[in-house]
Amino acid sequence: WTLNDNPPGTVYEAQVSTDGFATLSAFGRTSSSSVSFQGLGSNTTCHLRVRAINHGGIRTGFDVAVPTSTRVLAPQQAAASGVGGSSVTANWQGGGNSPTTVYEARISTDAFASVNASSRTLNRSAVFAGLLGNKLYNFQVRAFGNDGGATPSTPLPSARTLLLPPGTAAQPITELRSNRAALSWTSGGNSPETFYTARVSTDAFSTVFAASVTVGLSAEFGAGGSGPALSANTTHYFQVRSENGLDASPFVALGSATITLANPPAGSGAASIYVTSAAIGWG
């Protein structure tokens, strides 16, 4: 403030409040033209006012209260939580900012070359849903000050969503012959880099007849596919699971027990002709 022609030695009383002077947060007396207040909290709106006191102790009225805001501080890191197959909660610490501070959290799968989604909140966390399973996500957050400015973004710890089991396709067995079968399934919400292990058994998986690992959503077994030719007219069981090298989902059955087609007979044998009957054989 200015001294306004007051002589040296005049005492000034400065006050600060964070609730419009319903209460007093701090005050200071000085004979100079400024006073410093500490410990007000970051990104906090404060009202400041000052009055003069003469040598006889008589006080002037306060000048008009001036509103201002302390600077906003960048949020601090905290680990993600609530990690599921399709959702993650990003967390951070307020860094000492006031409860009215607005935070913007963002999520990305390419180190923020692009942004998948963002969320503005007064909380110290943000839930991101509708995510792909088995996918690494990056997070960052910034704080907005009462003056409209924003801090630089604080990088938060990344998190990988959980692996989801594959889904059953409308037609899980797309081809069935006497010696081969083709299978199909859906990603179940997993990311494109997810691996799948499909397998086939003739004894309900007491043993495994053949297996196939792929990043695709289909597999072929038997002639022209993985493993030896399937046995004709034999009950086969098929199932698939998702994997990422660290974890694997439970196996999901692809259709019910399926019987492969029978081979056609090998050909007719010699016929025996009688008066009222005939007999024929085949392989």
# chains A, B, ... in the order shown; residues from 1 in each chain; ligands from 1
$ closest_atom_pairs --of "range 190-263 of chain A" --to "range 158-171 of chain A" --cutoff "7 Å" --atoms "only C-alpha atoms" --output "JSON lines"
{"residue": "A:Asn190", "atom": "CA", "partner": "A:Leu164", "partner_atom": "CA", "distance": 6.0}
{"residue": "A:Arg241", "atom": "CA", "partner": "A:Pro166", "partner_atom": "CA", "distance": 6.1}
{"residue": "A:Ser242", "atom": "CA", "partner": "A:Pro165", "partner_atom": "CA", "distance": 5.8}
{"residue": "A:Ser249", "atom": "CA", "partner": "A:Pro165", "partner_atom": "CA", "distance": 5.2}
{"residue": "A:Pro250", "atom": "CA", "partner": "A:Pro165", "partner_atom": "CA", "distance": 6.6}
{"residue": "A:Leu254", "atom": "CA", "partner": "A:Thr168", "partner_atom": "CA", "distance": 6.5}
$ residues_around --residues "Pro8 in chain A" --least-positions-apart "5" --cutoff "12 Å" --atoms "only C-alpha atoms" --output "ChimeraX atom specification"
/A:3,30-33,52,54-55
$ write_last_selection --atoms "C-alpha atoms" --output "compact mmCIF listing (two decimals), in the first residue's frame"
# COMPACT_ATOMS: atom_id res chain seq x y z
CA LEU A 3 1.61 5.69 3.01
CA THR A 30 4.20 -2.75 10.57
CA SER A 31 5.42 0.78 10.02
CA SER A 32 6.43 0.01 6.43
CA SER A 33 4.21 -0.28 3.35
CA ALA A 52 -3.61 2.97 9.73
CA ASN A 54 -2.09 7.02 14.71
CA HIS A 55 0.22 7.68 17.65
$ atom_distance --atom1 "CA of Ala182 in chain A" --atom2 "CA of Ser218 in chain A"
7.3 Å
$ closest_residue --among "A:Leu131, A:Leu40, A:Leu48, A:Leu183" --to "Val16 in chain A" --atoms "only C-alpha atoms"
A:Leu48
$ atom_distance --atom1 "CA of Thr235 in chain A" --atom2 "CA of Trp282 in chain A"
24.1 Å
$ select_by_dssp --residues "range 70-244 of chain A" --states "strand (DSSP E or B)" --output "JSON, numbers by chain"
{"A": [76, 77, 81, 88, 89, 90, 91, 92, 93, 97, 102, 103, 104, 105, 106, 107, 108, 117, 118, 119, 120, 121, 125, 126, 127, 128, 133, 136, 137, 138, 139, 140, 141, 142, 143, 144, 150, 154, 155, 156, 157, 158, 159, 160, 167, 168, 169, 170, 171, 172, 173, 174, 175, 176, 180, 181, 182, 183, 184, 185, 186, 190, 195, 196, 197, 198, 199, 200, 201, 210, 211, 212, 213, 214, 218, 219, 220, 221, 222, 226, 235, 236, 237, 238, 239, 240, 241, 242, 243]}
$ residues_around --residues "range 56-71 of chain A" --least-positions-apart "6" --cutoff "12 Å" --atoms "only C-alpha atoms" --output "VMD selection string"
chain A and resid 1 to 2 4 6 10 to 21 37 to 50 95 to 98 101 143 to 151
$ write_last_selection --atoms "C-alpha atoms" --output "JSON list (two decimals), in the first residue's frame"
[["chain", "number", "residue", "atom", "x", "y", "z"],
["A", 1, "TRP", "CA", 0.00, 0.00, 0.00],
["A", 2, "THR", "CA", 0.99, 3.65, -0.14],
["A", 4, "ASN", "CA", -0.75, 8.48, 1.81],
["A", 6, "ASN", "CA", 1.39, 9.67, 6.86],
["A", 10, "THR", "CA", 2.77, 5.42, 11.56],
["A", 11, "VAL", "CA", 1.59, 1.88, 12.28],
["A", 12, "TYR", "CA", -0.40, -0.05, 9.70],
["A", 13, "GLU", "CA", -2.49, -3.12, 10.41],
["A", 14, "ALA", "CA", -2.97, -5.52, 7.48],
["A", 15, "GLN", "CA", -5.46, -8.38, 7.62],
["A", 16, "VAL", "CA", -6.15, -11.39, 5.45],
["A", 17, "SER", "CA", -9.21, -13.65, 5.35],
["A", 18, "THR", "CA", -10.20, -16.67, 3.26],
["A", 19, "ASP", "CA", -13.96, -16.30, 3.90],
["A", 20, "GLY", "CA", -14.66, -12.64, 3.19],
["A", 21, "PHE", "CA", -13.74, -11.62, 6.75],
["A", 37, "PHE", "CA", 1.50, -13.67, 5.22],
["A", 38, "GLN", "CA", 2.50, -17.33, 5.30],
["A", 39, "GLY", "CA", 0.67, -20.65, 5.53],
["A", 40, "LEU", "CA", -2.48, -19.65, 3.68],
["A", 41, "GLY", "CA", -2.61, -22.74, 1.46],
["A", 42, "SER", "CA", -2.10, -22.91, -2.29],
["A", 43, "ASN", "CA", -4.81, -21.92, -4.79],
["A", 44, "THR", "CA", -6.75, -20.22, -2.01],
["A", 45, "THR", "CA", -8.78, -17.05, -2.58],
["A", 46, "CYS", "CA", -7.84, -14.44, 0.00],
["A", 47, "HIS", "CA", -9.17, -10.96, 0.78],
["A", 48, "LEU", "CA", -6.65, -8.38, 1.94],
["A", 49, "ARG", "CA", -7.25, -5.05, 3.70],
["A", 50, "VAL", "CA", -5.23, -2.52, 5.65],
["A", 95, "GLY", "CA", -0.07, -30.91, -3.22],
["A", 96, "GLY", "CA", -1.55, -28.58, -0.62],
["A", 97, "ASN", "CA", -4.13, -26.98, -2.93],
["A", 98, "SER", "CA", -7.47, -25.83, -1.57],
["A", 101, "THR", "CA", -9.13, -26.80, -6.86],
["A", 143, "ALA", "CA", -4.42, -28.52, -11.56],
["A", 144, "PHE", "CA", -6.28, -25.35, -12.49],
["A", 145, "GLY", "CA", -5.79, -22.22, -10.43],
["A", 146, "ASN", "CA", -8.49, -19.80, -9.37],
["A", 147, "ASP", "CA", -7.01, -17.39, -11.91],
["A", 148, "GLY", "CA", -7.73, -19.84, -14.75],
["A", 149, "GLY", "CA", -4.14, -20.88, -15.28],
["A", 150, "ALA", "CA", -3.03, -24.51, -15.16],
["A", 151, "THR", "CA", 0.04, -26.28, -13.84]]
$ residues_around --residues "Asn244 in chain A" --least-positions-apart "3" --cutoff "10 Å" --atoms "only C-alpha atoms" --output "list of chain:residue names"
A:Asn134, A:Lys135, A:Leu162, A:Leu163, A:Glu193, A:Thr194, A:Phe195, A:Tyr196, A:Asp247, A:Ala248, A:Ser249
$ closest_residue --among "A:Gln140, A:Asn263, A:Asn233, A:Ser34" --to "Ser108 in chain A" --atoms "only C-alpha atoms"
A:Gln140
$ residues_around --residues "Ser178 in chain A" --least-positions-apart "2" --cutoff "12 Å" --atoms "only C-alpha atoms" --output "list in words"
Glu175, Leu176, Arg180, Ala181, Ala182, Phe221, Gly222, Ala223, Ala229, Leu230, Ser231, Ala232, Asn233, Thr234, Thr235, His236, Thr258, Ile259, Thr260, Leu261, Ala262, Asn263 and Pro264 of chain A
